[in-house]
file model_4.pdb (PDB, C-alpha atoms and all ligand atoms)
ATOM      1  CA  MET A 259      99.392  65.779 128.182  1.00  0.00           C
ATOM      2  CA  ALA A 260     100.505  69.266 129.142  1.00  0.00           C
ATOM      3  CA  ASP A 261      97.919  71.578 130.652  1.00  0.00           C
ATOM      4  CA  TYR A 262      97.966  75.254 129.734  1.00  0.00           C
ATOM      5  CA  GLN A 263      96.448  76.119 133.105  1.00  0.00           C
ATOM      6  CA  ASP A 264      99.479  74.563 134.829  1.00  0.00           C
ATOM      7  CA  ARG A 265     102.130  76.320 132.731  1.00  0.00           C
ATOM      8  CA  TYR A 266     104.981  78.128 134.431  1.00  0.00           C
ATOM      9  CA  PRO A 267     104.662  81.919 134.410  1.00  0.00           C
ATOM     10  CA  THR A 268     108.219  82.168 133.110  1.00  0.00           C
ATOM     11  CA  ASN A 269     107.190  80.816 129.694  1.00  0.00           C
ATOM     12  CA  ALA A 270     107.321  83.373 126.915  1.00  0.00           C
ATOM     13  CA  PRO A 271     103.718  84.163 125.860  1.00  0.00           C
ATOM     14  CA  GLY A 272     102.568  82.098 122.922  1.00  0.00           C
ATOM     15  CA  ALA A 273     101.635  78.671 121.716  1.00  0.00           C
ATOM     16  CA  PHE A 274     104.402  76.597 123.312  1.00  0.00           C
ATOM     17  CA  TYR A 275     104.817  76.261 127.069  1.00  0.00           C
ATOM     18  CA  VAL A 276     106.174  73.964 129.784  1.00  0.00           C
ATOM     19  CA  ASP A 277     103.882  72.973 132.624  1.00  0.00           C
ATOM     20  CA  GLU A 278     104.400  71.770 136.174  1.00  0.00           C
ATOM     21  CA  GLN A 279     104.943  68.143 135.166  1.00  0.00           C
ATOM     22  CA  CYS A 280     108.503  68.919 134.026  1.00  0.00           C
ATOM     23  CA  ILE A 281     111.050  66.657 135.741  1.00  0.00           C
ATOM     24  CA  ASP A 282     114.056  68.732 134.661  1.00  0.00           C
ATOM     25  CA  CYS A 283     115.493  65.939 132.503  1.00  0.00           C
ATOM     26  CA  ASP A 284     117.271  68.408 130.200  1.00  0.00           C
ATOM     27  CA  MET A 285     116.171  66.847 126.899  1.00  0.00           C
ATOM     28  CA  CYS A 286     114.330  69.840 125.434  1.00  0.00           C
ATOM     29  CA  ARG A 287     117.126  72.184 126.428  1.00  0.00           C
ATOM     30  CA  LEU A 288     119.724  69.972 124.769  1.00  0.00           C
ATOM     31  CA  ASN A 289     117.724  69.502 121.561  1.00  0.00           C
ATOM     32  CA  ALA A 290     116.282  72.987 121.195  1.00  0.00           C
ATOM     33  CA  PRO A 291     118.249  75.458 123.341  1.00  0.00           C
ATOM     34  CA  GLN A 292     117.038  78.325 121.164  1.00  0.00           C
ATOM     35  CA  PHE A 293     113.597  77.892 122.721  1.00  0.00           C
ATOM     36  CA  PHE A 294     113.971  76.039 126.005  1.00  0.00           C
ATOM     37  CA  ALA A 295     115.935  77.173 129.026  1.00  0.00           C
ATOM     38  CA  ARG A 296     116.283  76.131 132.643  1.00  0.00           C
ATOM     39  CA  ASP A 297     114.797  77.977 135.565  1.00  0.00           C
ATOM     40  CA  ASP A 298     117.586  77.233 138.034  1.00  0.00           C
ATOM     41  CA  GLU A 299     115.594  78.389 141.023  1.00  0.00           C
ATOM     42  CA  GLY A 300     112.578  76.232 140.234  1.00  0.00           C
ATOM     43  CA  ALA A 301     114.588  73.370 138.667  1.00  0.00           C
ATOM     44  CA  HIS A 302     112.479  73.067 135.537  1.00  0.00           C
ATOM     45  CA  SER A 303     112.434  74.105 131.899  1.00  0.00           C
ATOM     46  CA  TYR A 304     110.463  76.924 130.333  1.00  0.00           C
ATOM     47  CA  VAL A 305     110.028  78.352 126.855  1.00  0.00           C
ATOM     48  CA  HIS A 306     112.223  81.424 126.692  1.00  0.00           C
ATOM     49  CA  ARG A 307     111.435  82.223 123.066  1.00  0.00           C
ATOM     50  CA  GLN A 308     108.532  81.203 120.874  1.00  0.00           C
ATOM     51  CA  PRO A 309     109.299  79.681 117.470  1.00  0.00           C
ATOM     52  CA  THR A 310     108.132  81.642 114.445  1.00  0.00           C
ATOM     53  CA  LEU A 311     109.662  79.966 111.402  1.00  0.00           C
ATOM     54  CA  GLU A 312     108.324  76.683 110.093  1.00  0.00           C
ATOM     55  CA  GLU A 313     111.518  74.787 110.919  1.00  0.00           C
ATOM     56  CA  GLU A 314     111.567  76.306 114.388  1.00  0.00           C
ATOM     57  CA  ILE A 315     107.998  75.201 115.002  1.00  0.00           C
ATOM     58  CA  ALA A 316     108.905  71.718 113.758  1.00  0.00           C
ATOM     59  CA  LEU A 317     111.783  71.589 116.241  1.00  0.00           C
ATOM     60  CA  CYS A 318     109.500  72.556 119.106  1.00  0.00           C
ATOM     61  CA  ARG A 319     106.927  70.027 117.989  1.00  0.00           C
ATOM     62  CA  GLU A 320     109.670  67.381 118.245  1.00  0.00           C
ATOM     63  CA  ALA A 321     110.334  68.561 121.780  1.00  0.00           C
ATOM     64  CA  VAL A 322     106.645  68.074 122.553  1.00  0.00           C
ATOM     65  CA  GLU A 323     106.845  64.500 121.262  1.00  0.00           C
ATOM     66  CA  GLU A 324     110.129  63.686 123.000  1.00  0.00           C
ATOM     67  CA  CYS A 325     109.347  65.004 126.471  1.00  0.00           C
ATOM     68  CA  PRO A 326     109.141  61.863 128.650  1.00  0.00           C
ATOM     69  CA  VAL A 327     106.388  63.249 130.870  1.00  0.00           C
ATOM     70  CA  GLU A 328     104.417  65.261 128.269  1.00  0.00           C
ATOM     71  CA  ALA A 329     105.146  68.513 130.046  1.00  0.00           C
ATOM     72  CA  ILE A 330     105.405  70.592 126.864  1.00  0.00           C
ATOM     73  CA  GLY A 331     102.241  71.937 125.336  1.00  0.00           C
ATOM     74  CA  CYS A 332     101.614  73.687 122.031  1.00  0.00           C
ATOM     75  CA  ASP A 333      98.051  74.851 122.496  1.00  0.00           C
ATOM     76  CA  GLY A 334      98.822  78.125 124.244  1.00  0.00           C
ATOM     77  CA  GLU A 335      97.135  81.396 123.520  1.00  0.00           C
ATOM     78  CA  ASP A 336      97.925  83.731 120.683  1.00  0.00           C
ATOM     79  CA  VAL A 337     100.292  86.513 121.587  1.00  0.00           C
ATOM     80  CA  GLU A 338      99.051  89.995 122.238  1.00  0.00           C
ATOM     81  CA  ILE A 339     101.469  92.771 121.359  1.00  0.00           C
ATOM     82  CA  ASP A 340     100.591  96.400 121.942  1.00  0.00           C
ATOM     83  CA  GLY A 341      97.006  95.394 122.588  1.00  0.00           C
ATOM     84  CA  LYS A 342      96.661  93.741 119.203  1.00  0.00           C
ATOM     85  CA  ASN A 343      96.221  90.058 118.718  1.00  0.00           C
ATOM     86  CA  ARG A 344      98.856  88.563 116.475  1.00  0.00           C
ATOM     87  CA  SER A 345      97.261  85.484 115.031  1.00  0.00           C
ATOM     88  CA  ARG A 346      99.345  82.418 114.528  1.00  0.00           C
ATOM     89  CA  PRO A 347     100.787  81.834 111.080  1.00  0.00           C
ATOM     90  CA  ALA A 348      99.042  79.494 108.663  1.00  0.00           C
ATOM     91  CA  ASN A 349     100.982  76.564 110.047  1.00  0.00           C
ATOM     92  CA  SER A 350      99.268  76.965 113.390  1.00  0.00           C
ATOM     93  CA  VAL A 351     100.534  74.723 116.148  1.00  0.00           C
ATOM     94  CA  ARG A 352      97.166  74.344 117.853  1.00  0.00           C
ATOM     95  CA  GLN A 353      96.080  70.705 117.858  1.00  0.00           C
TER      96      GLN A 353
HETATM   97  S1  LIG B   1     111.963  67.346 128.078  1.00  0.00           S
HETATM   98 FE1  LIG B   1     110.108  67.668 129.369  1.00  0.00          FE
HETATM   99  S2  LIG B   1     110.679  66.879 131.402  1.00  0.00           S
HETATM  100 FE2  LIG B   1     112.578  67.148 130.225  1.00  0.00          FE
HETATM  101  S3  LIG B   1     113.291  69.193 130.835  1.00  0.00           S
HETATM  102 FE3  LIG B   1     112.080  69.436 128.940  1.00  0.00          FE
HETATM  103  S4  LIG B   1     109.971  69.895 129.644  1.00  0.00           S
HETATM  104 FE4  LIG B   1     111.109  69.065 131.389  1.00  0.00          FE
END

call {"tool": "encode", "arguments": {"input": "model_4.pdb", "output": "structure tokens"}}
result
Amino acid sequence: MADYQDRYPTNAPGAFYVDEQCIDCDMCRLNAPQFFARDDEGAHSYVHRQPTLEEEIALCREAVEECPVEAIGCDGEDVEIDGKNRSRPANSVRQ
């Protein structure tokens, strides 16, 4: 199970994140390159863009399920933009 406290700082702020358990297997990046990228220096994945649409969230949820070491979490914090909290949409990804 991914731990929000162990997430990489390169993750885009939001619900989805990759934590330090990532073994750089490439699966999330192959299946959802719109949201997952590789940190070449650290040799791990990170979320470079948070999903917003329902189908995008579903794709990232699949990535959570498929990660072989459970390094992807979806219980991150809500995003703050310009000092205002932007609550998650109705289809919240928090579990
Ligand atoms: S699927 Fe999991 S272990 Fe593989 S690169 Fe993505 S976050 Fe890392």

call {"tool": "residues_around", "arguments": {"input": "model_4.pdb", "residues": "A:Leu317", "least_positions_apart": "3", "cutoff": "12 Å", "atoms": "only C-alpha atoms", "output": "VMD selection string"}}
result
chain A and resid 274 286 to 294 308 to 314 320 to 324 332 351

call {"tool": "resolve_selection", "arguments": {"input": "model_4.pdb", "expression": "the PyMOL selection byres (((not hetatm)) within 6 of (chain B and resi 1))", "output": "list in words"}}
result
Val276, Cys280, Ile281, Asp282, Cys283, Asp284, Met285, Cys286, His302, Ser303, Cys325, Pro326, Val327, Ala329 and Ile330 of chain A

call {"tool": "atom_distance", "arguments": {"input": "model_4.pdb", "atom1": "atom CA of A:Arg265", "atom2": "atom CA of A:Gly334"}}
result
9.3 Å

call {"tool": "resolve_selection", "arguments": {"input": "model_4.pdb", "expression": "the PyMOL selection byres (((chain A and resi 260) around 8) and not hetatm)", "output": "VMD selection string"}}
result
chain A and resid 259 261 to 262 264 276 to 277 279 328 to 331

call {"tool": "write_last_selection", "arguments": {"input": "model_4.pdb", "atoms": "C-alpha atoms", "output": "short mmCIF file (atom, residue, chain, number, x, y, z; two decimals), keeping the file's coordinate frame"}}
result
data_model
loop_
_atom_site.label_atom_id
_atom_site.label_comp_id
_atom_site.auth_asym_id
_atom_site.auth_seq_id
_atom_site.Cartn_x
_atom_site.Cartn_y
_atom_site.Cartn_z
CA MET A 259 99.39 65.78 128.18
CA ASP A 261 97.92 71.58 130.65
CA TYR A 262 97.97 75.25 129.73
CA ASP A 264 99.48 74.56 134.83
CA VAL A 276 106.17 73.96 129.78
CA ASP A 277 103.88 72.97 132.62
CA GLN A 279 104.94 68.14 135.17
CA GLU A 328 104.42 65.26 128.27
CA ALA A 329 105.15 68.51 130.05
CA ILE A 330 105.40 70.59 126.86
CA GLY A 331 102.24 71.94 125.34
#

call {"tool": "resolve_selection", "arguments": {"input": "model_4.pdb", "expression": "the PyMOL selection byres (((chain A and resi 270) around 7) and not hetatm)", "output": "PyMOL selection string"}}
result
chain A and resi 268-269+271-272+305-308

call {"tool": "write_last_selection", "arguments": {"input": "model_4.pdb", "atoms": "C-alpha atoms", "output": "mmCIF file, keeping the file's coordinate frame"}}
result
data_model
loop_
_atom_site.group_PDB
_atom_site.id
_atom_site.type_symbol
_atom_site.label_atom_id
_atom_site.label_comp_id
_atom_site.auth_asym_id
_atom_site.auth_seq_id
_atom_site.Cartn_x
_atom_site.Cartn_y
_atom_site.Cartn_z
ATOM 1 C CA THR A 268 108.219 82.168 133.110
ATOM 2 C CA ASN A 269 107.190 80.816 129.694
ATOM 3 C CA PRO A 271 103.718 84.163 125.860
ATOM 4 C CA GLY A 272 102.568 82.098 122.922
ATOM 5 C CA VAL A 305 110.028 78.352 126.855
ATOM 6 C CA HIS A 306 112.223 81.424 126.692
ATOM 7 C CA ARG A 307 111.435 82.223 123.066
ATOM 8 C CA GLN A 308 108.532 81.203 120.874
#

call {"tool": "atom_distance", "arguments": {"input": "model_4.pdb", "atom1": "atom CA of A:Ala316", "atom2": "atom CA of A:Tyr266"}}
result
22.0 Å

call {"tool": "closest_residue", "arguments": {"input": "model_4.pdb", "among": "A:Asp297, A:Gln263, A:Cys318, A:Tyr304", "to": "A:Tyr275", "atoms": "all atoms listed in the file"}}
result
A:Tyr304

call {"tool": "axis_aligned_box", "arguments": {"input": "model_4.pdb", "around": "stretch 318-321 of chain A", "padding_each_side": "3 Å", "output": "AutoDock Vina command-line options"}}
result
--center_x 108.6 --center_y 70.0 --center_z 119.9 --size_x 9.4 --size_y 11.2 --size_z 9.8

call {"tool": "build_atoms", "arguments": {"input": "model_4.pdb", "residues": "stretch 305-336 of chain A", "atoms": "N, CA and C atoms", "output": "CSV table (one decimal), keeping the file's coordinate frame"}}
result
chain,number,residue,atom,x,y,z
A,305,VAL,N,109.8,77.9,128.2
A,305,VAL,CA,110.0,78.4,126.9
A,305,VAL,C,110.5,79.8,127.0
A,306,HIS,N,111.7,80.0,126.6
A,306,HIS,CA,112.2,81.4,126.7
A,306,HIS,C,112.0,82.2,125.4
A,307,ARG,N,111.7,81.5,124.3
A,307,ARG,CA,111.4,82.2,123.1
A,307,ARG,C,110.5,81.4,122.3
A,308,GLN,N,109.5,82.0,121.7
A,308,GLN,CA,108.5,81.2,120.9
A,308,GLN,C,109.1,81.0,119.5
A,309,PRO,N,108.9,79.9,118.9
A,309,PRO,CA,109.3,79.7,117.5
A,309,PRO,C,108.4,80.5,116.5
A,310,THR,N,108.9,80.9,115.4
A,310,THR,CA,108.1,81.6,114.4
A,310,THR,C,108.3,81.0,113.0
A,311,LEU,N,109.4,80.6,112.7
A,311,LEU,CA,109.7,80.0,111.4
A,311,LEU,C,109.2,78.5,111.4
A,312,GLU,N,108.9,78.0,110.2
A,312,GLU,CA,108.3,76.7,110.1
A,312,GLU,C,109.3,75.6,110.7
A,313,GLU,N,110.6,75.8,110.4
A,313,GLU,CA,111.5,74.8,110.9
A,313,GLU,C,111.7,74.9,112.4
A,314,GLU,N,111.5,76.1,112.9
A,314,GLU,CA,111.6,76.3,114.4
A,314,GLU,C,110.4,75.6,115.1
A,315,ILE,N,109.2,75.8,114.5
A,315,ILE,CA,108.0,75.2,115.0
A,315,ILE,C,108.1,73.7,115.0
A,316,ALA,N,108.7,73.2,113.9
A,316,ALA,CA,108.9,71.7,113.8
A,316,ALA,C,109.8,71.2,114.9
A,317,LEU,N,110.8,72.0,115.2
A,317,LEU,CA,111.8,71.6,116.2
A,317,LEU,C,111.1,71.5,117.6
A,318,CYS,N,110.2,72.5,117.8
A,318,CYS,CA,109.5,72.6,119.1
A,318,CYS,C,108.4,71.5,119.2
A,319,ARG,N,107.9,71.1,118.0
A,319,ARG,CA,106.9,70.0,118.0
A,319,ARG,C,107.6,68.7,118.4
A,320,GLU,N,108.9,68.6,117.9
A,320,GLU,CA,109.7,67.4,118.2
A,320,GLU,C,109.9,67.3,119.8
A,321,ALA,N,110.1,68.5,120.3
A,321,ALA,CA,110.3,68.6,121.8
A,321,ALA,C,109.1,68.1,122.5
A,322,VAL,N,107.9,68.5,122.0
A,322,VAL,CA,106.6,68.1,122.6
A,322,VAL,C,106.6,66.5,122.5
A,323,GLU,N,106.9,66.0,121.4
A,323,GLU,CA,106.8,64.5,121.3
A,323,GLU,C,107.9,63.8,122.1
A,324,GLU,N,109.0,64.4,122.3
A,324,GLU,CA,110.1,63.7,123.0
A,324,GLU,C,110.1,63.8,124.5
A,325,CYS,N,109.4,64.8,125.0
A,325,CYS,CA,109.3,65.0,126.5
A,325,CYS,C,108.8,63.7,127.1
A,326,PRO,N,109.6,63.1,128.1
A,326,PRO,CA,109.1,61.9,128.6
A,326,PRO,C,107.9,61.9,129.5
A,327,VAL,N,107.6,63.1,130.0
A,327,VAL,CA,106.4,63.2,130.9
A,327,VAL,C,105.3,64.1,130.3
A,328,GLU,N,105.4,64.5,129.0
A,328,GLU,CA,104.4,65.3,128.3
A,328,GLU,C,104.2,66.6,129.0
A,329,ALA,N,105.3,67.2,129.3
A,329,ALA,CA,105.1,68.5,130.0
A,329,ALA,C,105.2,69.7,129.1
A,330,ILE,N,105.4,69.5,127.8
A,330,ILE,CA,105.4,70.6,126.9
A,330,ILE,C,104.1,70.6,126.1
A,331,GLY,N,103.5,71.8,126.1
A,331,GLY,CA,102.2,71.9,125.3
A,331,GLY,C,102.4,72.9,124.2
A,332,CYS,N,101.5,72.8,123.2
A,332,CYS,CA,101.6,73.7,122.0
A,332,CYS,C,100.2,74.2,121.7
A,333,ASP,N,99.4,74.3,122.7
A,333,ASP,CA,98.1,74.9,122.5
A,333,ASP,C,97.8,76.1,123.3
A,334,GLY,N,98.9,76.9,123.5
A,334,GLY,CA,98.8,78.1,124.2
A,334,GLY,C,98.1,79.2,123.5
A,335,GLU,N,97.9,80.3,124.1
A,335,GLU,CA,97.1,81.4,123.5
A,335,GLU,C,98.0,82.2,122.5
A,336,ASP,N,97.3,82.8,121.6
A,336,ASP,CA,97.9,83.7,120.7
A,336,ASP,C,98.6,84.9,121.5
